[in-house]
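Reproduced below: structure.cif, with mmCIF, C-alpha atoms.
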```cif
data_target
loop_
_atom_site.label_atom_id
_atom_site.label_comp_id
_atom_site.auth_asym_id
_atom_site.auth_seq_id
_atom_site.Cartn_x
_atom_site.Cartn_y
_atom_site.Cartn_z
CA MET Z 5 37.39 277.73 -30.52
CA ILE Z 6 34.47 277.75 -28.09
CA VAL Z 7 34.04 275.34 -25.19
CA ARG Z 8 30.74 275.33 -23.28
CA ASP Z 9 30.73 275.41 -19.49
CA ASP Z 10 28.68 272.22 -19.03
CA ASP Z 11 31.02 270.29 -21.38
CA ALA Z 12 33.99 271.47 -19.36
CA ASP Z 13 32.24 270.53 -16.09
CA ARG Z 14 31.37 267.07 -17.39
CA ALA Z 15 34.93 266.46 -18.60
CA ARG Z 16 36.34 267.70 -15.28
CA ARG Z 17 33.98 265.39 -13.36
CA LYS Z 18 35.09 262.41 -15.48
CA ARG Z 19 38.75 263.26 -14.95
CA ASN Z 20 38.18 263.48 -11.18
CA ILE Z 21 36.36 260.12 -11.15
CA ALA Z 22 39.21 258.51 -13.14
CA LEU Z 23 41.79 259.99 -10.75
CA GLY Z 24 39.78 258.82 -7.74
CA LEU Z 25 39.46 255.30 -9.11
CA MET Z 26 43.17 255.20 -9.89
CA LEU Z 27 44.20 256.37 -6.43
CA GLY Z 28 41.65 254.05 -4.83
CA GLY Z 29 43.04 251.14 -6.84
CA VAL Z 30 46.58 251.99 -5.74
CA ALA Z 31 45.42 252.16 -2.08
CA VAL Z 32 43.75 248.72 -2.34
CA LEU Z 33 46.84 247.28 -4.08
CA PHE Z 34 49.15 248.66 -1.37
CA TYR Z 35 46.88 247.25 1.35
CA LEU Z 36 46.77 243.78 -0.24
CA MET Z 37 50.51 243.78 -1.00
CA SER Z 38 51.31 244.71 2.59
CA ILE Z 39 49.34 241.61 3.67
CA VAL Z 40 51.26 239.45 1.16
CA LYS Z 41 54.60 240.83 2.39
CA TRP Z 42 53.61 240.33 6.03
CA TYR Z 43 52.52 236.77 5.21
CA GLU Z 44 55.83 236.02 3.44
CA HIS Z 45 57.97 237.54 6.18
CA SER Z 46 56.13 235.70 8.93
CA GLY Z 47 57.63 232.48 7.58
CA HIS Z 48 54.70 230.97 5.66
CA MET J 298 26.87 280.64 -21.51
CA SER J 299 30.17 279.93 -23.22
CA LEU J 300 33.76 280.96 -22.81
CA SER J 301 36.89 280.84 -24.94
CA LEU J 302 39.79 278.72 -23.83
CA ALA J 303 43.32 278.40 -25.16
CA TYR J 304 42.68 274.72 -25.87
CA PRO J 305 40.60 273.63 -28.89
CA ARG J 306 38.40 271.41 -26.72
CA VAL J 307 38.16 270.18 -23.15
CA THR J 308 40.75 267.68 -21.98
CA THR J 309 39.33 264.19 -21.58
CA VAL J 310 40.49 261.10 -19.68
CA GLY J 311 41.14 259.53 -23.09
CA ASP J 312 43.70 262.24 -23.88
CA PHE J 313 45.73 261.30 -20.81
CA PHE J 314 45.40 257.62 -21.74
CA ALA J 315 46.63 258.37 -25.27
CA LEU J 316 49.75 259.98 -23.73
CA LEU J 317 50.69 256.54 -22.39
CA LYS J 318 51.09 255.10 -25.93
CA PRO J 319 48.78 252.15 -25.18
CA ARG J 320 49.86 250.06 -28.21
CA VAL J 321 53.54 250.27 -27.30
CA MET J 322 52.60 249.64 -23.68
CA SER J 323 50.74 246.46 -24.60
CA LEU J 324 53.84 245.00 -26.33
CA VAL J 325 56.01 245.93 -23.33
CA VAL J 326 53.53 244.31 -20.92
CA PHE J 327 53.45 241.22 -23.12
CA THR J 328 57.25 240.75 -23.14
CA GLY J 329 57.40 241.58 -19.41
CA LEU J 330 54.75 238.92 -18.76
CA ALA J 331 56.83 236.41 -20.75
CA GLY J 332 59.79 237.19 -18.46
CA ILE J 333 57.64 236.61 -15.37
CA VAL J 334 56.12 233.38 -16.68
CA ALA J 335 59.37 231.93 -18.09
CA ALA J 336 61.41 232.63 -14.94
CA PRO J 337 62.07 229.67 -12.64
CA GLY J 338 60.62 229.88 -9.17
CA HIS J 339 57.38 231.19 -7.79
CA VAL J 340 56.02 234.48 -6.50
CA HIS J 341 52.61 235.30 -5.09
CA PRO J 342 50.20 236.09 -7.97
CA LEU J 343 49.58 239.55 -6.51
CA THR J 344 53.33 240.24 -6.52
CA ALA J 345 53.47 239.18 -10.17
CA PHE J 346 50.49 241.43 -10.91
CA THR J 347 52.15 244.35 -9.11
CA ALA J 348 55.37 243.81 -11.08
CA LEU J 349 53.45 243.76 -14.35
CA LEU J 350 51.46 246.86 -13.37
CA CYS J 351 54.69 248.71 -12.54
CA ILE J 352 56.20 247.71 -15.90
CA ALA J 353 53.03 248.91 -17.67
CA VAL J 354 52.87 252.23 -15.80
CA ALA J 355 56.59 252.94 -16.28
CA ALA J 356 56.30 252.12 -20.00
CA GLY J 357 53.29 254.45 -20.29
CA ALA J 358 55.10 257.16 -18.35
CA SER J 359 58.12 256.86 -20.65
CA GLY J 360 55.84 257.25 -23.67
CA CYS J 361 54.20 260.27 -22.06
CA LEU J 362 57.57 261.94 -21.34
CA ASN J 363 58.70 261.14 -24.90
CA MET J 364 55.59 262.90 -26.25
CA ALA J 365 56.21 265.89 -23.97
CA TYR J 366 59.88 266.36 -24.91
CA ASP J 367 59.24 265.67 -28.61
CA SER J 368 56.06 267.75 -28.94
CA ASP J 369 57.89 270.31 -31.14
CA ILE J 370 58.79 267.70 -33.79
CA ASP J 371 55.60 265.65 -33.32
CA ARG J 372 53.55 268.52 -34.77
CA LEU J 373 55.69 268.41 -37.95
CA MET J 374 55.12 264.71 -38.73
CA THR J 375 51.91 263.23 -40.17
CA ARG J 376 52.12 260.12 -37.96
CA THR J 377 52.38 262.13 -34.72
CA ALA J 378 50.60 265.42 -35.44
CA THR J 379 47.31 264.18 -33.94
CA ARG J 380 48.83 263.33 -30.53
CA PRO J 381 47.27 265.15 -27.54
CA ILE J 382 50.03 267.75 -27.07
CA PRO J 383 50.40 268.92 -30.72
CA MET J 384 46.58 269.02 -30.93
CA GLY J 385 46.51 271.30 -27.88
CA TYR J 386 44.39 268.97 -25.74
CA ILE J 387 47.04 268.69 -23.01
CA ALA J 388 49.71 271.26 -22.09
CA ARG J 389 53.32 270.07 -22.36
CA GLU J 390 53.97 270.96 -18.70
CA ASP J 391 50.99 268.87 -17.57
CA ALA J 392 52.27 265.89 -19.58
CA LEU J 393 55.73 266.29 -18.00
CA ALA J 394 54.23 266.33 -14.50
CA PHE J 395 52.00 263.34 -15.32
CA GLY J 396 54.89 261.33 -16.81
CA TRP J 397 57.43 261.97 -14.06
CA THR J 398 54.84 261.31 -11.31
CA LEU J 399 53.89 257.95 -12.85
CA SER J 400 57.56 257.01 -13.38
CA ILE J 401 58.52 257.66 -9.77
CA ALA J 402 55.39 255.93 -8.46
CA ALA J 403 56.02 252.83 -10.61
CA VAL J 404 59.70 252.50 -9.60
CA ALA J 405 58.94 253.14 -5.90
CA THR J 406 56.13 250.57 -5.87
CA MET J 407 58.35 248.00 -7.60
CA GLY J 408 61.10 248.55 -5.02
CA LEU J 409 58.69 248.49 -2.09
CA PHE J 410 56.70 245.38 -3.00
CA VAL J 411 58.71 243.35 -5.53
CA ASN J 412 62.50 243.76 -5.22
CA PHE J 413 65.25 246.34 -5.68
CA LEU J 414 66.84 244.71 -8.75
CA ALA J 415 63.55 244.86 -10.66
CA ALA J 416 63.04 248.47 -9.46
CA GLY J 417 66.58 249.41 -10.50
CA LEU J 418 66.14 247.90 -13.95
CA LEU J 419 62.80 249.68 -14.31
CA ALA J 420 64.36 253.04 -13.35
CA PHE J 421 67.21 252.41 -15.80
CA THR J 422 64.69 251.63 -18.56
CA VAL J 423 62.80 254.90 -18.03
CA PHE J 424 66.07 256.87 -17.81
CA PHE J 425 67.42 255.23 -20.97
CA TYR J 426 64.26 255.85 -22.99
CA VAL J 427 63.64 259.41 -21.85
CA VAL J 428 67.13 260.84 -21.34
CA VAL J 429 69.46 258.72 -23.50
CA TYR J 430 67.08 258.04 -26.43
CA THR J 431 64.58 260.94 -26.50
CA LEU J 432 66.68 263.84 -25.23
CA TRP J 433 70.13 262.81 -26.46
CA LEU J 434 70.29 260.32 -29.34
CA LYS J 435 67.06 260.75 -31.30
CA ARG J 436 67.97 264.10 -32.90
CA ARG J 437 71.71 263.48 -33.15
CA THR J 438 72.48 260.12 -34.75
CA PRO J 439 70.97 257.59 -37.18
CA GLN J 440 71.95 254.96 -34.58
CA ASN J 441 69.20 256.45 -32.33
CA ILE J 442 66.85 253.47 -32.45
CA VAL J 443 69.69 250.93 -32.32
CA ILE J 444 71.07 252.17 -29.00
CA GLY J 445 67.73 253.49 -27.71
CA GLY J 446 66.21 250.09 -28.47
CA LEU J 447 67.81 248.75 -25.29
CA SER J 448 65.07 250.38 -23.21
CA GLY J 449 62.34 248.57 -25.15
CA ALA J 450 64.30 245.32 -24.88
CA LEU J 451 64.61 245.23 -21.09
CA PRO J 452 61.04 244.32 -19.94
CA PRO J 453 61.60 240.50 -20.09
CA ALA J 454 64.63 240.95 -17.82
CA ILE J 455 62.58 243.13 -15.43
CA GLY J 456 59.83 240.50 -15.38
CA TRP J 457 62.40 237.74 -14.80
CA ALA J 458 64.16 239.71 -12.04
CA SER J 459 60.84 240.39 -10.31
CA VAL J 460 60.45 236.61 -9.82
CA THR J 461 64.03 235.46 -9.18
CA GLY J 462 65.66 238.58 -7.76
CA ASP J 463 68.65 238.10 -10.07
CA LEU J 464 69.59 237.86 -13.76
CA SER J 465 71.04 235.02 -15.80
CA LEU J 466 71.81 234.19 -19.44
CA ALA J 467 68.17 233.35 -20.26
CA PRO J 468 66.59 236.80 -19.66
CA LEU J 469 69.61 238.51 -21.25
CA LEU J 470 69.10 236.37 -24.35
CA LEU J 471 65.47 237.51 -24.54
CA VAL J 472 66.71 241.12 -24.19
CA ALA J 473 69.23 240.52 -27.01
CA ILE J 474 66.47 239.19 -29.28
CA ILE J 475 64.29 242.32 -28.85
CA PHE J 476 67.39 244.52 -29.15
CA MET J 477 68.25 242.99 -32.55
CA TRP J 478 64.58 243.04 -33.63
CA THR J 479 64.12 246.78 -33.02
CA PRO J 480 66.27 248.17 -35.91
CA PRO J 481 64.68 246.15 -38.77
CA HIS J 482 61.24 246.83 -37.28
CA PHE J 483 61.64 250.63 -37.08
CA TRP J 484 63.76 251.01 -40.22
CA ALA J 485 61.00 249.24 -42.19
CA LEU J 486 58.58 251.89 -40.90
CA SER J 487 61.05 254.69 -41.59
CA LEU J 488 61.39 253.61 -45.25
CA TRP J 489 57.90 254.85 -46.04
CA ARG J 490 57.97 257.63 -43.41
CA SER J 491 61.37 259.05 -44.39
CA GLU J 492 59.90 262.33 -45.71
CA ASP J 493 58.13 262.81 -42.39
CA TYR J 494 61.38 262.33 -40.48
CA ALA J 495 63.29 264.58 -42.89
CA ARG J 496 60.72 267.37 -42.41
CA ALA J 497 61.11 267.13 -38.63
CA GLY J 498 64.91 266.98 -38.85
CA VAL J 499 65.13 263.54 -37.22
CA PRO J 500 68.26 261.77 -38.59
CA MET J 501 66.70 258.37 -39.25
CA LEU J 502 68.88 256.04 -41.34
CA PRO J 503 67.00 256.49 -44.68
CA VAL J 504 67.26 260.29 -44.29
CA VAL J 505 71.00 260.29 -43.52
CA SER J 506 72.34 257.30 -45.48
CA GLY J 507 69.61 256.72 -48.07
CA LYS J 508 67.13 253.92 -48.62
CA PRO J 509 69.49 251.35 -50.26
CA HIS J 510 71.83 251.45 -47.25
CA THR J 511 68.84 251.15 -44.88
CA ARG J 512 67.60 248.07 -46.76
CA PHE J 513 71.07 246.53 -46.46
CA GLN J 514 71.17 247.24 -42.71
CA ILE J 515 67.68 245.72 -42.29
CA LEU J 516 68.86 242.53 -44.00
CA LEU J 517 72.06 242.45 -41.92
CA TYR J 518 70.21 242.75 -38.60
CA THR J 519 67.61 240.18 -39.69
CA LEU J 520 70.37 237.71 -40.60
CA ILE J 521 71.68 237.99 -37.04
CA LEU J 522 68.22 238.10 -35.44
CA VAL J 523 66.73 234.92 -36.92
CA PRO J 524 69.35 232.44 -35.57
CA LEU J 525 69.46 234.41 -32.31
CA GLY J 526 65.68 234.03 -32.06
CA VAL J 527 65.97 230.24 -32.31
CA LEU J 528 68.71 230.03 -29.67
CA PRO J 529 66.37 229.91 -26.59
CA ALA J 530 65.14 226.54 -27.91
CA GLY J 531 68.69 225.23 -27.58
CA LEU J 532 69.39 226.70 -24.17
CA HIS J 533 66.60 225.19 -22.09
CA ILE J 534 64.37 228.26 -22.30
CA GLY J 535 61.94 227.46 -25.13
CA GLY J 536 60.33 224.17 -26.15
CA ALA J 537 59.12 222.58 -29.38
CA LEU J 538 56.38 225.20 -29.89
CA TYR J 539 58.91 228.01 -29.50
CA LEU J 540 61.31 226.27 -31.90
CA ALA J 541 58.57 225.94 -34.54
CA ALA J 542 57.43 229.57 -34.12
CA SER J 543 60.90 231.13 -34.05
CA ALA J 544 62.19 229.08 -37.00
CA GLY J 545 59.03 229.26 -39.12
CA ILE J 546 58.18 232.94 -38.72
CA GLY J 547 61.89 233.75 -38.53
CA LEU J 548 62.35 232.39 -42.06
CA TRP J 549 59.30 234.38 -43.19
CA PHE J 550 60.86 237.49 -41.58
CA LEU J 551 64.11 236.81 -43.48
CA TRP J 552 62.19 236.28 -46.73
CA GLU J 553 60.51 239.69 -46.37
CA ALA J 554 63.84 241.32 -45.41
CA ILE J 555 65.31 239.98 -48.67
CA ALA J 556 62.26 241.25 -50.57
CA THR J 557 62.71 244.67 -48.91
CA TYR J 558 66.41 244.62 -49.88
CA ARG J 559 65.43 244.00 -53.50
CA GLU J 560 62.50 246.48 -53.49
CA SER J 561 62.28 248.89 -56.42
CA ASP J 562 58.99 250.68 -55.65
CA GLU J 563 60.36 253.49 -53.47
CA VAL J 564 57.04 255.34 -53.31
CA LYS J 565 54.66 252.73 -51.92
CA GLU J 566 57.28 250.49 -50.30
CA PRO J 567 55.04 247.36 -50.31
CA ALA J 568 57.81 245.02 -49.11
CA ALA J 569 58.68 247.30 -46.17
CA HIS J 570 54.98 247.38 -45.17
CA ARG J 571 54.90 243.57 -45.21
CA LEU J 572 58.18 243.36 -43.31
CA PHE J 573 56.80 245.69 -40.61
CA GLY J 574 53.72 243.46 -40.22
CA VAL J 575 55.78 240.24 -40.10
CA SER J 576 58.14 241.78 -37.54
CA LEU J 577 55.20 242.44 -35.22
CA LEU J 578 53.90 238.91 -35.79
CA TYR J 579 57.38 237.48 -35.13
CA MET J 580 57.75 239.25 -31.78
CA THR J 581 54.22 238.30 -30.72
CA ALA J 582 54.68 234.64 -31.75
CA LEU J 583 58.02 234.26 -29.95
CA PHE J 584 56.80 235.53 -26.60
CA ALA J 585 53.30 234.04 -26.91
CA SER J 586 54.85 230.60 -27.47
CA LEU J 587 57.10 231.03 -24.42
CA ILE J 588 54.06 231.92 -22.29
CA ALA J 589 51.90 229.15 -23.80
CA GLU J 590 54.57 226.49 -23.23
CA LYS J 591 54.88 227.40 -19.58
CA LEU J 592 51.10 227.46 -19.08
CA ILE J 593 50.43 224.22 -20.99
CA GLY J 594 53.50 222.48 -19.57
CA ILE J 595 55.49 221.86 -22.76
CA PRO J 596 59.05 221.09 -21.61
CA ALA J 597 61.96 223.31 -22.65
CA LEU J 598 64.54 221.88 -25.06
CA ALA J 599 68.31 221.82 -24.61
CA LEU J 600 69.53 220.99 -28.10
CA ALA J 601 72.88 222.71 -27.76
CA LEU J 602 73.78 221.36 -24.35
#
```
What would you get if you wrote out this structure as structure tokens?
Amino acid sequence: MIVRDDDADRARRKRNIALGLMLGGVAVLFYLMSIVKWYEHSGH
Amino acid sequence: MSLSLAYPRVTTVGDFFALLKPRVMSLVVFTGLAGIVAAPGHVHPLTAFTALLCIAVAAGASGCLNMAYDSDIDRLMTRTATRPIPMGYIAREDALAFGWTLSIAAVATMGLFVNFLAAGLLAFTVFFYVVVYTLWLKRRTPQNIVIGGLSGALPPAIGWASVTGDLSLAPLLLVAIIFMWTPPHFWALSLWRSEDYARAGVPMLPVVSGKPHTRFQILLYTLILVPLGVLPAGLHIGGALYLAASAGIGLWFLWEAIATYRESDEVKEPAAHRLFGVSLLYMTALFASLIAEKLIGIPALALAL
């Protein structure tokens, strides 16, 4: 089976964007959850 | 310019998403959400979201690992031959790395931000599905889905534990309901997929003990399931809506189980198809009514107490 270079590049770019969004989402979630935990532990 | 690759086409984001078994994941998320909503007490909405996300990711990761370890038999069955690994879109080793990474990340996040009991239950669920069910039981015994069904039954308890930090009779009852629901649900499917399973050498009940015995077992489990499904309405967990849904659709479930028991068309298996559909409706209705009652404010009943 033949796969063209530009198709492979486009698919790779989409995979990288998806991975970046996923890791970015996890980073934001961790940041917000650390605020929630800090808030809860500070007696509020 | 073009080049030949070992894979039939480039790997897409959708292929990785398909590895997570999104339809199974949605049912797991749904029952986990019911556990969170039905549990007494209160957690920050972001904590509840994180718990649900961890349940979803761990369920997806379990599905991914199941596809990786079962890729040899998946290519032999019609239902599973078009999955990403048998199709050659994703290498088995990549799926293993993806699945284990997501599993560890989900359990670690649950432990870090929710609580250790919920994280422990989540880790146990992944272990049970991947190691006990997929690697050990699935190819060895017709009781594979009965015992392995425990992993699919645990999400309400994980959701509950993520709110309360402990377990009680209520979440364990919800676990018992899904546990008893799993055999009739999957055996209905296996009645019209038995040739598929036989070809792959998977000892599903119709392959090992025959269809009449499977129909009898379906009826037996349904006879236990239906009263068990009503029980939360008597133990201060479900309200009037839950009672109506569990009793009404439960009787329909039983009706179709009897029809499946008396089925004579062993080629098309129309009753088993209907039973499979009703089983999905039953599970959805039970947990949707629990969630709806909590959100609307319908009080729980305590008929037996």
Nearest-residue call for Ala331 of chain J, choices J:Leu349, J:Glu560, J:Ala392, J:Gly311, using only C-alpha atoms =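 Ranking J:Leu349, J:Glu560, J:Ala392, J:Gly311 by distance to Ala331 of chain J, first place goes to J:Leu349.
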To one decimal in Å, tell me the separation between atom CA of Pro453 of chain J and atom CA of Leu469 of chain J.
->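 Computing the Euclidean distance for atom CA of Pro453 of chain J and atom CA of Leu469 of chain J yields 8.3 Å.
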Decode the PyMOL selection byres ((chain J) within 12 of (chain Z)) for the given file into explicit residues and return them as a compact mmCIF listing (two decimals) with C-alpha atoms, in the frame of the given file.
```
# COMPACT_ATOMS: atom_id res chain seq x y z
CA MET J 298 26.87 280.64 -21.51
CA SER J 299 30.17 279.93 -23.22
CA LEU J 300 33.76 280.96 -22.81
CA SER J 301 36.89 280.84 -24.94
CA LEU J 302 39.79 278.72 -23.83
CA ALA J 303 43.32 278.40 -25.16
CA TYR J 304 42.68 274.72 -25.87
CA PRO J 305 40.60 273.63 -28.89
CA ARG J 306 38.40 271.41 -26.72
CA VAL J 307 38.16 270.18 -23.15
CA THR J 308 40.75 267.68 -21.98
CA THR J 309 39.33 264.19 -21.58
CA VAL J 310 40.49 261.10 -19.68
CA GLY J 311 41.14 259.53 -23.09
CA ASP J 312 43.70 262.24 -23.88
CA PHE J 313 45.73 261.30 -20.81
CA PHE J 314 45.40 257.62 -21.74
CA VAL J 340 56.02 234.48 -6.50
CA HIS J 341 52.61 235.30 -5.09
CA PRO J 342 50.20 236.09 -7.97
CA LEU J 343 49.58 239.55 -6.51
CA THR J 344 53.33 240.24 -6.52
CA ALA J 345 53.47 239.18 -10.17
CA PHE J 346 50.49 241.43 -10.91
CA THR J 347 52.15 244.35 -9.11
CA ALA J 348 55.37 243.81 -11.08
CA LEU J 350 51.46 246.86 -13.37
CA CYS J 351 54.69 248.71 -12.54
CA VAL J 354 52.87 252.23 -15.80
CA GLY J 385 46.51 271.30 -27.88
CA PHE J 395 52.00 263.34 -15.32
CA LEU J 399 53.89 257.95 -12.85
CA ALA J 402 55.39 255.93 -8.46
CA ALA J 403 56.02 252.83 -10.61
CA ALA J 405 58.94 253.14 -5.90
CA THR J 406 56.13 250.57 -5.87
CA MET J 407 58.35 248.00 -7.60
CA LEU J 409 58.69 248.49 -2.09
CA PHE J 410 56.70 245.38 -3.00
CA VAL J 411 58.71 243.35 -5.53
CA ASN J 412 62.50 243.76 -5.22
```
Close residues, segment 510-520 of chain J itself excluded, 8 Å, all atoms listed in the file, min 3 positions apart in chain, as a count of residues only | 19
What's the 12 Å shell around Leu432 of chain J, counting all atoms listed in the file, without same-chain residues fewer than 2 positions away, as a PyMOL selection string?
-> chain J and resi 359+362-368+424-430+434-438+441+445
Pairwise distance, atom CA of Ile370 of chain J with atom CA of Ala497 of chain J, equals 5.4 Å
How far is it from atom CA of Pro452 of chain J to atom CA of Gly28 of chain Z, in Å with one decimal?
->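 A separation of 26.4 Å between them.
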Name all residues at most 8 Å from segment 326-329 of chain J (count all atoms listed in the file; drop same-chain ones fewer than 4 positions away) and give them as a PyMOL selection string.
-> chain J and resi 322+333+349+352-353+452-457+584
Compare J:Ala394, J:Ala356, J:Ala420, J:Val321 by their minimum atom-to-atom distance to Leu577 of chain J, counting only C-alpha atoms, and give me the closest one.
->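 Smallest distance to Leu577 of chain J is found for J:Val321.
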Please produce segment 467-488 of chain J, completed to N, CA and C atoms, as an mmCIF file, in the frame of the given file.
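The result, stored in rebuild_20.cif:
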```
data_model
loop_
_atom_site.group_PDB
_atom_site.id
_atom_site.type_symbol
_atom_site.label_atom_id
_atom_site.label_comp_id
_atom_site.auth_asym_id
_atom_site.auth_seq_id
_atom_site.Cartn_x
_atom_site.Cartn_y
_atom_site.Cartn_z
ATOM 1 N N ALA J 467 69.473 233.468 -19.590
ATOM 2 C CA ALA J 467 68.170 233.350 -20.260
ATOM 3 C C ALA J 467 67.477 234.701 -20.467
ATOM 4 N N PRO J 468 67.253 235.521 -19.421
ATOM 5 C CA PRO J 468 66.590 236.800 -19.660
ATOM 6 C C PRO J 468 67.410 237.733 -20.536
ATOM 7 N N LEU J 469 68.753 237.638 -20.423
ATOM 8 C CA LEU J 469 69.610 238.510 -21.250
ATOM 9 C C LEU J 469 69.522 238.122 -22.720
ATOM 10 N N LEU J 470 69.286 236.828 -22.976
ATOM 11 C CA LEU J 470 69.100 236.370 -24.350
ATOM 12 C C LEU J 470 67.794 236.933 -24.928
ATOM 13 N N LEU J 471 66.753 236.935 -24.099
ATOM 14 C CA LEU J 471 65.470 237.510 -24.540
ATOM 15 C C LEU J 471 65.634 239.012 -24.819
ATOM 16 N N VAL J 472 66.421 239.689 -23.975
ATOM 17 C CA VAL J 472 66.710 241.120 -24.190
ATOM 18 C C VAL J 472 67.452 241.297 -25.520
ATOM 19 N N ALA J 473 68.438 240.419 -25.767
ATOM 20 C CA ALA J 473 69.230 240.520 -27.010
ATOM 21 C C ALA J 473 68.343 240.336 -28.243
ATOM 22 N N ILE J 474 67.366 239.438 -28.146
ATOM 23 C CA ILE J 474 66.470 239.190 -29.280
ATOM 24 C C ILE J 474 65.666 240.458 -29.605
ATOM 25 N N ILE J 475 65.077 241.098 -28.588
ATOM 26 C CA ILE J 475 64.290 242.320 -28.850
ATOM 27 C C ILE J 475 65.212 243.446 -29.328
ATOM 28 N N PHE J 476 66.425 243.486 -28.761
ATOM 29 C CA PHE J 476 67.390 244.520 -29.150
ATOM 30 C C PHE J 476 67.729 244.409 -30.647
ATOM 31 N N MET J 477 67.923 243.185 -31.136
ATOM 32 C CA MET J 477 68.250 242.990 -32.550
ATOM 33 C C MET J 477 67.027 243.123 -33.449
ATOM 34 N N TRP J 478 65.835 242.917 -32.866
ATOM 35 C CA TRP J 478 64.580 243.040 -33.630
ATOM 36 C C TRP J 478 64.215 244.496 -33.886
ATOM 37 N N THR J 479 64.566 245.379 -32.948
ATOM 38 C CA THR J 479 64.120 246.780 -33.020
ATOM 39 C C THR J 479 64.583 247.507 -34.293
ATOM 40 N N PRO J 480 65.871 247.431 -34.693
ATOM 41 C CA PRO J 480 66.270 248.170 -35.910
ATOM 42 C C PRO J 480 65.516 247.755 -37.178
ATOM 43 N N PRO J 481 65.439 246.448 -37.539
ATOM 44 C CA PRO J 481 64.680 246.150 -38.770
ATOM 45 C C PRO J 481 63.215 246.553 -38.674
ATOM 46 N N HIS J 482 62.642 246.451 -37.464
ATOM 47 C CA HIS J 482 61.240 246.830 -37.280
ATOM 48 C C HIS J 482 61.031 248.325 -37.562
ATOM 49 N N PHE J 483 61.840 249.179 -36.924
ATOM 50 C CA PHE J 483 61.640 250.630 -37.080
ATOM 51 C C PHE J 483 62.187 251.156 -38.401
ATOM 52 N N TRP J 484 63.238 250.543 -38.925
ATOM 53 C CA TRP J 484 63.760 251.010 -40.220
ATOM 54 C C TRP J 484 62.785 250.655 -41.344
ATOM 55 N N ALA J 485 62.039 249.549 -41.197
ATOM 56 C CA ALA J 485 61.000 249.240 -42.190
ATOM 57 C C ALA J 485 59.961 250.365 -42.215
ATOM 58 N N LEU J 486 59.539 250.779 -41.022
ATOM 59 C CA LEU J 486 58.580 251.890 -40.900
ATOM 60 C C LEU J 486 59.168 253.179 -41.491
ATOM 61 N N SER J 487 60.436 253.422 -41.167
ATOM 62 C CA SER J 487 61.050 254.690 -41.590
ATOM 63 C C SER J 487 61.250 254.761 -43.102
ATOM 64 N N LEU J 488 61.232 253.589 -43.791
ATOM 65 C CA LEU J 488 61.390 253.610 -45.250
ATOM 66 C C LEU J 488 60.239 254.347 -45.922
#
```
